[in-house]
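Take a look at the structure below.
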Amino acid sequence: MEVAVFILVVLAFVALSGALVRLVRMPLPMLQIAIGAALAWPARGLHVEIDPELFLLVFIPPLLFGDAFAAPKRELTELRGPILDLAIGLVFFTIVGFGYALHWLVPSIPLVVAFALAAVLSPTDAVAVSSIVDRNVVPARLMHILEGESLLNDASGLVMFRFAVAAALTGSFSFVAASLSFLYAVATGILAGIAALFIAAKALQVLGRIGGTPAEAQVLVMILLPFVAYLIAEHVGASGILAAVTAGLLTGTSGIFRHLAVSARIQAMSLWSTLTFIFNGALFILLGLQLPDIIRKVPPELTSRHWLFEPALTILLLTLCLIGLRFLWIWIGDMAAGIAARLGKRKAEPFGFRVRLAGSVAGVRGAITLAGILSLPLALQDGSPFPARDVVIFLAAGVIICSLVIASLALPRIARGLVEPGEDPGAAEERRARVGAANAAIARIESLASEGGEGEAAEARLAVADSIVAGYRRRIAASDEADEARAEAREAGRLELELRRAGIEAERAAVRAMFRSREINDHTMRALFSEITLTEALLKSRQDRK
């Protein structure tokens, strides 16, 4: 019962955070972390012990799968060079640079444990990045690089974290064995994601052959897909995170959606967006729930005279060290890309100082870092306590919060003015695609209408075709590049939407009246309300695009 109440309380505050974020000027992840900390701070507040492996299994696969599915595949492919440079090269650079800096700043932490903390701090958080970074103020190219990096560096960072922990436990480290294990984890993780996608496609094919299979069964297969990918990879000792990311990246292009019924597609997209919001919110609230206990147990190694000042200063210096290492690596990579472009007689696209700084500050840490550091073993193989375990857990939690705060405060100021005013390239591309699709539909409809022969049936066919074509022509006019034509089309569209909404409200009132007068039962009422709601959602979508 206590577990059920705890889950319900967390879900209630996730919903509350969605409303409060409109009233307070702070990113949603920061608000949810603050809510979690407030719930746990009193002596009798909420407390929960996180099992790191269960935490990773429940939260990380669906969130990374959703981010990978929504990521723009064309841009990720075009920017694969800088993305891989950050996702792999920067991870190793951070482990070495931050590890030595941490050992120098806090000598009580052994070097191999410092490398373990550096490894778990090297991945940026895809969820936090997308929640904090405003797409309207950050250049699209940089945003795509940050998204791609955060999807891939989790695997490299956590794999190296495991190697560092193993070295701390055994007292030995083999570079060759670690390199081979890293390649195995990456390659097998990718194959596990592909295998899970194949299994899901086959399951949907079987369900499709069985007559009368409810759409909910097909939706459940899609919900289970990231978990299956993660578990397959972890079972064979590979990267479950990379498996979930691979499944998400390939889902859109694999053709798996053709095995879903139309109703199942609609339900899957709607349910997935809801689950993403729930998992995101619950994840950051759980992160906040851990903070009071971590703060209360400030390790004595970090304090001398001042109980709070020295630990806070240490965390700030370590966070700035991470940002500095990241800035240096981005600057070196940018310079190298410029030199390679000139040697290849291609046009160079340097970032510039402010964009490099924005990309450095935007590398925030999040839940994967916390889950990874909490998975540190309690003791070594000889039974002695794991060295500096409490210290590195405290520092990891502090760096997560500090990186979120710095990004929330500094990024809007750094990025102000980086995006030139004007039409968003993505919106322009969408407008051109909409016009092209509408023209293709008009051509096809007119071709079919002209094949109708003669007589009343042919006239009816032409009348229906004209009505449909008129709707497509209004869509083209609304996307016209001429401001006057677009204004006229938008005004006509506004009037149409207004009348359609009035009709929908009349439908809804009529259905309620028939239900109250017992002309229809509640089953019929729900079916009609579902259709009306779907029509209303389509109108809302059209209005938002305008």
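Letters A, B, ... mark the chains of the structure tokens in the order given; residue numbers begin at 1 per chain; ligand numbers begin at 1, in order shown.
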Show which residues sit within 10 Å of Phe6 in chain A, as a ChimeraX atom specification. Count only C-alpha atoms, and ignore same-chain residues fewer than 5 positions away. /A:1,11-12,46-48
Convert the current residue selection to file output with N, CA and C atoms, as an mmCIF file, in the first residue's frame.
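Result written to out-v4.cif:
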data_model
loop_
_atom_site.group_PDB
_atom_site.id
_atom_site.type_symbol
_atom_site.label_atom_id
_atom_site.label_comp_id
_atom_site.auth_asym_id
_atom_site.auth_seq_id
_atom_site.Cartn_x
_atom_site.Cartn_y
_atom_site.Cartn_z
ATOM 1 N N MET A 1 0.830 -1.206 0.000
ATOM 2 C CA MET A 1 0.000 0.000 0.000
ATOM 3 C C MET A 1 0.869 1.262 0.000
ATOM 4 N N LEU A 11 2.980 10.950 -9.103
ATOM 5 C CA LEU A 11 2.228 11.264 -10.319
ATOM 6 C C LEU A 11 1.409 12.541 -10.144
ATOM 7 N N ALA A 12 0.845 12.725 -8.953
ATOM 8 C CA ALA A 12 0.065 13.939 -8.704
ATOM 9 C C ALA A 12 0.947 15.184 -8.803
ATOM 10 N N LEU A 46 8.816 12.315 2.327
ATOM 11 C CA LEU A 46 8.917 11.122 1.488
ATOM 12 C C LEU A 46 10.378 10.692 1.371
ATOM 13 N N HIS A 47 10.608 9.418 1.467
ATOM 14 C CA HIS A 47 11.963 8.873 1.304
ATOM 15 C C HIS A 47 11.858 7.604 0.468
ATOM 16 N N VAL A 48 12.803 7.423 -0.429
ATOM 17 C CA VAL A 48 12.813 6.245 -1.279
ATOM 18 C C VAL A 48 14.254 5.853 -1.560
#
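Every protein or nucleic acid residue with an atom no more than 10 Å from Ile406 in chain A, counting only C-alpha atoms and leaving out same-chain residues fewer than 3 positions away, appears here: Leu316, Thr319, Leu320, Val361, Ala362, Val364, Ile401, Cys402, Ser403, Leu409, Ala410 and Leu411 of chain A.
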Proximity of range 263-371 of chain A to range 57-63 of chain A: per-residue shortest pair, 9 Å limit, only C-alpha atoms, as a Markdown table:
| residue | atom | partner | partner_atom | distance |
| --- | --- | --- | --- | --- |
| A:Trp272 | CA | A:Pro62 | CA | 9.0 |
| A:Leu275 | CA | A:Pro62 | CA | 8.5 |
| A:Thr276 | CA | A:Leu63 | CA | 6.3 |
| A:Phe279 | CA | A:Phe59 | CA | 6.3 |
| A:Asn280 | CA | A:Leu63 | CA | 7.4 |
| A:Ala282 | CA | A:Phe59 | CA | 8.8 |
| A:Leu283 | CA | A:Phe59 | CA | 7.0 |
| A:Ala367 | CA | A:Ile60 | CA | 8.6 |
| A:Ile368 | CA | A:Ile60 | CA | 7.6 |
Select from range 251-381 of chain A everything DSSP, run on the backbone, classes as helix (DSSP H, G or I), then give the selection as a PyMOL selection string. chain A and resi 251+256-259+262-296+300-302+309-343+353-361+367-374
Each range 276-382 of chain A residue no farther than 12 Å from range 79-98 of chain A, nearest pair in Å, only C-alpha atoms, as a tab-separated table:
residue	atom	partner	partner_atom	distance
A:Leu317	CA	A:Phe98	CA	10.9
A:Leu318	CA	A:Phe98	CA	7.9
A:Thr319	CA	A:Phe98	CA	9.8
A:Leu320	CA	A:Phe98	CA	10.5
A:Cys321	CA	A:Phe98	CA	7.0
A:Leu322	CA	A:Phe98	CA	6.8
A:Ile323	CA	A:Thr94	CA	9.9
A:Gly324	CA	A:Thr94	CA	10.0
A:Leu325	CA	A:Thr94	CA	6.6
A:Arg326	CA	A:Leu90	CA	7.2
A:Phe327	CA	A:Leu90	CA	10.2
A:Leu328	CA	A:Leu90	CA	9.8
A:Trp329	CA	A:Leu90	CA	6.6
A:Ile330	CA	A:Leu86	CA	7.8
A:Trp331	CA	A:Pro82	CA	11.4
A:Ile332	CA	A:Asp85	CA	10.7
A:Gly333	CA	A:Pro82	CA	7.5
A:Asp334	CA	A:Pro82	CA	8.6
A:Met335	CA	A:Pro82	CA	11.7
A:Ala336	CA	A:Pro82	CA	10.6
A:Ala337	CA	A:Pro82	CA	8.6
A:Gly338	CA	A:Pro82	CA	12.0
A:Ala340	CA	A:Gly81	CA	11.9
A:Glu349	CA	A:Leu79	CA	11.9
A:Pro350	CA	A:Pro82	CA	11.9
A:Phe351	CA	A:Pro82	CA	11.7
A:Gly359	CA	A:Leu86	CA	10.8
A:Ser360	CA	A:Leu86	CA	10.9
A:Gly363	CA	A:Leu86	CA	10.5
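The two atoms in question, CA of Pro299 in chain A and CA of Ala379 in chain A, are spaced 17.4 Å apart.
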Residues at most 8 Å from range 115-117 of chain A, counting only C-alpha atoms, excluding those fewer than 6 positions away in the same chain, as a CSV table (one decimal) with all heavy atoms, in the first residue's frame?
chain,number,residue,atom,x,y,z
A,95,ILE,N,37.2,12.2,-19.1
A,95,ILE,CA,37.6,11.2,-18.1
A,95,ILE,C,39.1,11.5,-17.7
A,95,ILE,O,39.4,11.6,-16.5
A,95,ILE,CB,37.5,9.8,-18.7
A,95,ILE,CG1,36.1,9.4,-18.9
A,95,ILE,CG2,38.2,8.8,-17.7
A,95,ILE,CD1,35.9,8.1,-19.6
A,96,VAL,N,39.9,11.8,-18.6
A,96,VAL,CA,41.3,12.1,-18.3
A,96,VAL,C,41.5,13.4,-17.6
A,96,VAL,O,42.0,13.5,-16.5
A,96,VAL,CB,42.2,12.0,-19.5
A,96,VAL,CG1,43.6,12.4,-19.2
A,96,VAL,CG2,42.2,10.6,-20.1
A,98,PHE,N,39.2,15.6,-16.3
A,98,PHE,CA,38.4,15.8,-15.0
A,98,PHE,C,38.9,14.9,-13.9
A,98,PHE,O,38.9,15.2,-12.8
A,98,PHE,CB,36.9,15.5,-15.3
A,98,PHE,CG,36.0,15.8,-14.1
A,98,PHE,CD1,35.6,17.1,-13.9
A,98,PHE,CD2,35.7,14.8,-13.2
A,98,PHE,CE1,34.7,17.4,-12.8
A,98,PHE,CE2,34.9,15.1,-12.1
A,98,PHE,CZ,34.4,16.3,-11.9
A,99,GLY,N,39.3,13.6,-14.3
A,99,GLY,CA,39.8,12.7,-13.3
A,99,GLY,C,41.0,13.2,-12.6
A,99,GLY,O,41.1,13.2,-11.3
A,100,TYR,N,42.0,13.8,-13.3
A,100,TYR,CA,43.2,14.3,-12.7
A,100,TYR,C,42.9,15.6,-11.9
A,100,TYR,O,43.4,15.8,-10.8
A,100,TYR,CB,44.3,14.6,-13.7
A,100,TYR,CG,45.0,13.4,-14.2
A,100,TYR,CD1,44.9,12.8,-15.4
A,100,TYR,CD2,46.0,12.8,-13.3
A,100,TYR,CE1,45.6,11.7,-15.8
A,100,TYR,CE2,46.7,11.7,-13.7
A,100,TYR,CZ,46.5,11.1,-14.9
A,100,TYR,OH,47.2,10.0,-15.3
A,160,MET,N,32.7,3.1,-19.9
A,160,MET,CA,34.0,3.4,-19.3
A,160,MET,C,33.9,3.5,-17.8
A,160,MET,O,34.8,3.2,-17.1
A,160,MET,CB,34.5,4.8,-19.9
A,160,MET,CG,34.8,4.7,-21.3
A,160,MET,SD,35.8,3.4,-21.8
A,160,MET,CE,37.3,3.7,-20.9
A,161,PHE,N,32.7,3.9,-17.3
A,161,PHE,CA,32.5,3.9,-15.8
A,161,PHE,C,32.6,2.5,-15.3
A,161,PHE,O,33.2,2.2,-14.2
A,161,PHE,CB,31.1,4.4,-15.5
A,161,PHE,CG,30.6,4.3,-14.1
A,161,PHE,CD1,31.2,5.0,-13.1
A,161,PHE,CD2,29.6,3.4,-13.8
A,161,PHE,CE1,30.8,4.9,-11.8
A,161,PHE,CE2,29.2,3.2,-12.5
A,161,PHE,CZ,29.8,4.0,-11.5
A,162,ARG,N,32.0,1.5,-16.0
A,162,ARG,CA,32.1,0.1,-15.5
A,162,ARG,C,33.6,-0.4,-15.5
A,162,ARG,O,34.0,-1.1,-14.6
A,162,ARG,CB,31.3,-0.8,-16.4
A,162,ARG,CG,29.8,-0.6,-16.3
A,162,ARG,CD,29.0,-1.4,-17.3
A,162,ARG,NE,27.6,-1.1,-17.1
A,162,ARG,CZ,26.7,-1.6,-18.0
A,162,ARG,NH1,27.0,-2.4,-19.0
A,162,ARG,NH2,25.4,-1.4,-17.8
A,164,ALA,N,36.2,1.5,-15.1
A,164,ALA,CA,36.9,2.2,-13.9
A,164,ALA,C,36.6,1.5,-12.6
A,164,ALA,O,37.4,1.4,-11.7
A,164,ALA,CB,36.6,3.7,-13.9
A,165,VAL,N,35.3,1.2,-12.4
A,165,VAL,CA,34.9,0.5,-11.2
A,165,VAL,C,35.5,-0.9,-11.1
A,165,VAL,O,36.0,-1.3,-10.0
A,165,VAL,CB,33.3,0.4,-11.2
A,165,VAL,CG1,32.9,-0.5,-10.0
A,165,VAL,CG2,32.7,1.7,-11.1
A,373,ILE,N,26.2,6.6,-10.6
A,373,ILE,CA,27.0,6.7,-9.4
A,373,ILE,C,26.5,6.0,-8.2
A,373,ILE,O,27.2,5.5,-7.3
A,373,ILE,CB,27.3,8.2,-9.1
A,373,ILE,CG1,28.5,8.4,-8.3
A,373,ILE,CG2,26.1,8.8,-8.4
A,373,ILE,CD1,29.8,8.1,-9.0
A,392,VAL,N,32.1,10.8,-3.7
A,392,VAL,CA,31.8,10.9,-5.1
A,392,VAL,C,30.3,11.0,-5.4
A,392,VAL,O,29.9,11.6,-6.3
A,392,VAL,CB,32.5,9.8,-5.9
A,392,VAL,CG1,34.0,9.9,-5.9
A,392,VAL,CG2,32.0,8.4,-5.5
A,396,ALA,N,28.7,14.0,-7.3
A,396,ALA,CA,27.9,13.8,-8.5
A,396,ALA,C,26.6,14.5,-8.4
A,396,ALA,O,26.1,15.2,-9.4
A,396,ALA,CB,27.8,12.3,-8.8
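Within 6 Å of range 466-476 of chain A, once only C-alpha atoms are used and residues closer than 5 positions along the same chain are dropped, the contacting residues are Val435, Ala438 and Ile442 of chain A.
Using only C-alpha atoms, the shortest contact distance between Leu158 in chain A and any of A:Leu250, A:Ile504, A:Ile145, A:Ala119 is found at A:Ala119.
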Applying 8 Å and only C-alpha atoms, which residues near Phe69 in chain A remain after dropping the ones on its own chain fewer than 5 positions away? List them as a list in words. Gly248, Leu249, Leu250, Thr251 and Gly252 of chain A
Can you work out the spacing between CA of Ser408 in chain A and CA of Glu78 in chain A in Å, to one decimal? 28.6 Å
Write out as JSON, numbers by chain the residues lying within 10 Å of Ala203 in chain A, counting only C-alpha atoms and excluding same-chain residues fewer than 6 positions away. {"A": [197, 218, 221, 222, 259]}
Skip Ala358 in chain A itself and residues of its chain fewer than 4 positions away, then list as number ranges by chain all residues within 10 Å of it, counting only C-alpha atoms. A: 133, 138-139, 142, 327, 353-354, 362-363, 407, 410-415, 418
